[in-house]
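Colleague: Structure file protein-v1.csv, CSV, C-alpha atoms, is pasted below:
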```
chain,number,residue,atom,x,y,z
A,1,MET,CA,-11.3,1.1,13.3
A,2,PHE,CA,-7.6,0.9,13.5
A,3,THR,CA,-5.3,3.1,15.5
A,4,TYR,CA,-2.3,4.3,13.5
A,5,LYS,CA,-0.1,1.7,15.2
A,6,GLU,CA,-2.5,-1.1,14.5
A,7,ALA,CA,-2.8,-0.1,10.8
A,8,GLU,CA,0.9,0.2,10.5
A,9,ASN,CA,1.5,-3.3,12.0
A,10,TYR,CA,-1.3,-4.8,9.9
A,11,ILE,CA,-0.2,-3.4,6.5
A,12,THR,CA,3.4,-4.2,7.2
A,13,GLU,CA,2.6,-7.8,8.0
A,14,GLN,CA,0.3,-8.2,5.0
A,15,LEU,CA,2.7,-6.7,2.5
A,16,LEU,CA,5.5,-8.9,3.8
A,17,GLN,CA,3.2,-12.0,3.3
A,18,ASP,CA,2.3,-10.8,-0.2
A,19,ILE,CA,6.0,-10.3,-1.1
A,20,GLU,CA,6.5,-13.9,0.0
A,21,SER,CA,3.5,-15.1,-2.0
A,22,HIS,CA,4.6,-13.2,-5.1
A,23,LEU,CA,8.1,-14.6,-4.9
A,24,ASN,CA,6.7,-18.1,-4.6
A,25,GLY,CA,4.4,-17.7,-7.5
A,26,LEU,CA,1.3,-17.7,-5.3
A,27,TYR,CA,-0.2,-14.6,-6.9
A,28,THR,CA,-3.8,-15.4,-6.0
A,29,ASN,CA,-2.8,-14.9,-2.3
A,30,ILE,CA,-1.9,-11.3,-2.9
A,31,GLY,CA,-4.4,-9.0,-1.2
A,32,ASP,CA,-6.0,-11.6,1.1
A,33,GLY,CA,-6.1,-9.0,4.0
A,34,PHE,CA,-7.0,-6.0,1.8
A,35,GLU,CA,-10.7,-5.7,2.5
A,36,TYR,CA,-10.1,-5.9,6.3
A,37,PHE,CA,-7.5,-3.2,6.1
A,38,ASP,CA,-9.6,-1.0,3.8
A,39,LEU,CA,-12.6,-1.3,6.1
A,40,ASN,CA,-10.7,-0.4,9.2
A,41,LEU,CA,-8.7,2.7,8.1
A,42,PRO,CA,-10.5,5.6,9.8
A,43,ARG,CA,-12.3,7.9,7.4
A,44,ASP,CA,-14.7,9.8,9.7
A,45,GLU,CA,-15.2,13.4,8.9
A,46,ASP,CA,-13.7,14.7,12.2
A,47,SER,CA,-10.5,12.8,11.6
A,48,MET,CA,-10.1,14.0,8.1
A,49,TYR,CA,-9.7,17.6,9.2
A,50,ASP,CA,-7.1,16.7,11.9
A,51,THR,CA,-3.6,17.7,10.7
A,52,ASN,CA,-2.0,14.8,12.6
A,53,TYR,CA,-4.4,12.3,11.0
A,54,GLU,CA,-3.4,13.5,7.5
A,55,LEU,CA,0.3,13.4,8.3
A,56,GLU,CA,0.1,10.0,9.9
A,57,PHE,CA,-2.3,8.2,7.6
A,58,THR,CA,-1.2,9.5,4.2
A,59,LYS,CA,1.4,6.8,3.7
A,60,LEU,CA,-1.1,4.2,4.8
A,61,PHE,CA,-3.5,5.3,2.2
A,62,ILE,CA,-0.7,5.3,-0.4
A,63,ALA,CA,0.0,1.7,0.7
A,64,LEU,CA,-3.7,0.9,0.3
A,65,ASN,CA,-3.7,2.3,-3.2
A,66,PHE,CA,-0.6,0.4,-4.0
A,67,TRP,CA,-2.0,-2.8,-2.6
A,68,ASP,CA,-5.2,-2.4,-4.6
A,69,ALA,CA,-3.2,-1.8,-7.8
A,70,TRP,CA,-0.9,-4.9,-7.1
A,71,GLN,CA,-4.0,-7.0,-7.1
A,72,ASP,CA,-5.3,-5.4,-10.2
A,73,ALA,CA,-2.0,-5.9,-12.0
A,74,ARG,CA,-2.0,-9.6,-11.0
A,75,SER,CA,-5.5,-10.0,-12.3
A,76,HIS,CA,-4.6,-8.4,-15.6
A,77,GLU,CA,-1.3,-10.3,-16.2
A,78,TRP,CA,0.9,-7.5,-15.0
A,79,GLN,CA,-0.2,-4.9,-17.5
A,80,TYR,CA,-1.5,-1.4,-17.3
A,81,TYR,CA,1.0,0.1,-14.9
A,82,ASP,CA,3.7,1.9,-16.9
A,83,GLU,CA,7.2,1.6,-15.4
A,84,ILE,CA,6.1,-1.3,-13.2
A,85,SER,CA,7.0,-4.9,-14.3
A,86,LYS,CA,5.9,-8.1,-12.6
A,87,ASP,CA,9.1,-8.2,-10.7
A,88,ASP,CA,8.9,-4.6,-9.5
A,89,TRP,CA,5.9,-5.1,-7.3
A,90,THR,CA,7.8,-6.8,-4.5
A,91,LYS,CA,10.5,-4.1,-4.6
A,92,LEU,CA,8.0,-1.3,-4.4
A,93,ALA,CA,6.2,-3.1,-1.5
A,94,GLN,CA,9.5,-3.3,0.3
A,95,LYS,CA,10.0,0.4,-0.1
A,96,ILE,CA,6.6,1.1,1.4
A,97,ILE,CA,7.3,-1.2,4.3
A,98,GLU,CA,10.7,0.5,5.0
A,99,SER,CA,9.0,3.9,4.9
A,100,ILE,CA,6.4,2.8,7.4
A,101,GLN,CA,8.9,1.1,9.7
A,102,ASN,CA,11.4,4.0,9.5
A,103,LYS,CA,8.6,6.6,10.1
A,104,SER,CA,9.7,8.4,7.0
A,105,GLU,CA,7.8,9.8,4.1
A,106,ILE,CA,7.4,7.8,0.9
A,107,THR,CA,9.7,9.4,-1.7
A,108,ASP,CA,9.9,6.8,-4.4
A,109,SER,CA,8.9,8.6,-7.6
A,110,VAL,CA,7.2,5.5,-9.1
A,111,ILE,CA,5.1,4.9,-6.0
A,112,LEU,CA,4.1,8.6,-5.8
A,113,LYS,CA,3.3,8.9,-9.5
A,114,HIS,CA,0.9,5.9,-9.5
A,115,PHE,CA,-0.4,5.5,-5.9
A,116,SER,CA,-0.3,8.9,-4.1
A,117,LEU,CA,-3.5,10.4,-3.0
A,118,HIS,CA,-3.1,13.0,-5.8
A,119,PRO,CA,-1.2,11.0,-8.5
A,120,SER,CA,0.5,13.0,-11.2
A,121,PRO,CA,-1.0,12.7,-14.7
```
As structure tokens, how would this structure be written, given the file I've shared?
Modeller:
Amino acid sequence: MFTYKEAENYITEQLLQDIESHLNGLYTNIGDGFEYFDLNLPRDEDSMYDTNYELEFTKLFIALNFWDAWQDARSHEWQYYDEISKDDWTKLAQKIIESIQNKSEITDSVILKHFSLHPSP
């Protein structure tokens, strides 16, 4: 299981790599580290009721949802995500990275609408 810092470092590094892959047209590389990240985010019952856990890890779970959707969009020729074009994925990834690095909440309305833990309809 990741600590918060390990998870933060891993997702930041992976999203940066995927931005580079996307910009270079290497779309099949997007999400190479997804499974490892998903398996190592703590989800044990004791942690889920810890307020600090929720506050710290919420943005990482949003990043996980985003990353999963990025792969899905790539696999479906960039369809099925209203408001998000093929070129928008790297910009949204950068916003998530900045939020993680700046230790700030994710506030982008498109990210929250599509990828938050409780997305709006």
Colleague: Using all atoms listed in the file for the distances, tell me which of A:Gln14, A:Asn24, A:Ile111, A:Ala73 is nearest to Ser85 in chain A.
Modeller: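 Distance minimum relative to Ser85 in chain A lands on A:Ala73.
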Colleague: Considering all atoms listed in the file, return as a PDB file with C-alpha atoms, in the coordinates of the input whatever protein or nucleic-acid residues lie within 8 Å of Ile30 in chain A, sequence-local ones (same chain, fewer than 5 positions apart) excluded.
Modeller:
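Output (selection.pdb):
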```
ATOM      1  CA  ASP A  18       2.300 -10.800  -0.200  1.00  0.00           C
ATOM      2  CA  SER A  21       3.500 -15.100  -2.000  1.00  0.00           C
ATOM      3  CA  HIS A  22       4.600 -13.200  -5.100  1.00  0.00           C
ATOM      4  CA  TRP A  70      -0.900  -4.900  -7.100  1.00  0.00           C
ATOM      5  CA  GLN A  71      -4.000  -7.000  -7.100  1.00  0.00           C
TER       6      GLN A  71
END
```
Colleague: Kindly indicate which residue among A:Ala7, A:Ile100, A:Phe115, A:Trp89 lies nearest to Gly33 in chain A, using all atoms listed in the file for the distances.
Modeller: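 Closest to Gly33 in chain A of all the choices is A:Ala7.
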Colleague: Which residue is closest to Asn40 in chain A? Choose from A:Leu23, A:Leu112, A:Leu64, A:Ala93 and count all atoms listed in the file.
Modeller: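 Ranking A:Leu23, A:Leu112, A:Leu64, A:Ala93 by distance to Asn40 in chain A, first place goes to A:Leu64.
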Colleague: Compare A:Asn65, A:Thr12, A:Ser99, A:Ser104 by their minimum atom-to-atom distance to His118 in chain A, counting all atoms listed in the file, and give me the closest one.
Modeller: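 Checking each candidate against His118 in chain A, we get A:Asn65 as the closest.
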Colleague: For a quick check of understanding, using only C-alpha atoms, which of A:Asp87, A:Phe57, A:Leu15, A:Gly31 has the smallest distance to Asp72 in chain A?
Modeller: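 With only C-alpha atoms as the atom set, the closest residue is A:Gly31.
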Colleague: Could you state the separation of CA of Lys5 in chain A and CA of Ala69 in chain A in Å, given to one decimal place?
Modeller: 23.5 Å
Colleague: Grab the CA of Glu8 in chain A to CA of Gln101 in chain A distance for me, in Å with one decimal place.
Modeller: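 If I compute the distance from CA of Glu8 in chain A to CA of Gln101 in chain A, I get 8.1 Å.
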Colleague: What does the distance from CA of Gln79 in chain A to CA of Gln17 in chain A come to in Å, to one decimal?
Modeller: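 Calculated distance between CA of Gln79 in chain A and CA of Gln17 in chain A is 22.2 Å.
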Colleague: For each of A:Glu56, A:Glu83, A:Asp88, A:Asp32, take the minimum atom-to-atom distance to Glu13 in chain A, counting all atoms listed in the file, then give the residue where this is smallest.
Modeller: A:Asp32
Colleague: Leaving out Lys91 in chain A and any residue of its chain fewer than 5 positions from it, which residues lie within 10 Å of it when counting only C-alpha atoms, given as a list in words?
Modeller: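 Counting only C-alpha atoms, the residues come to Ile19, Ile96 and Ile97 of chain A.
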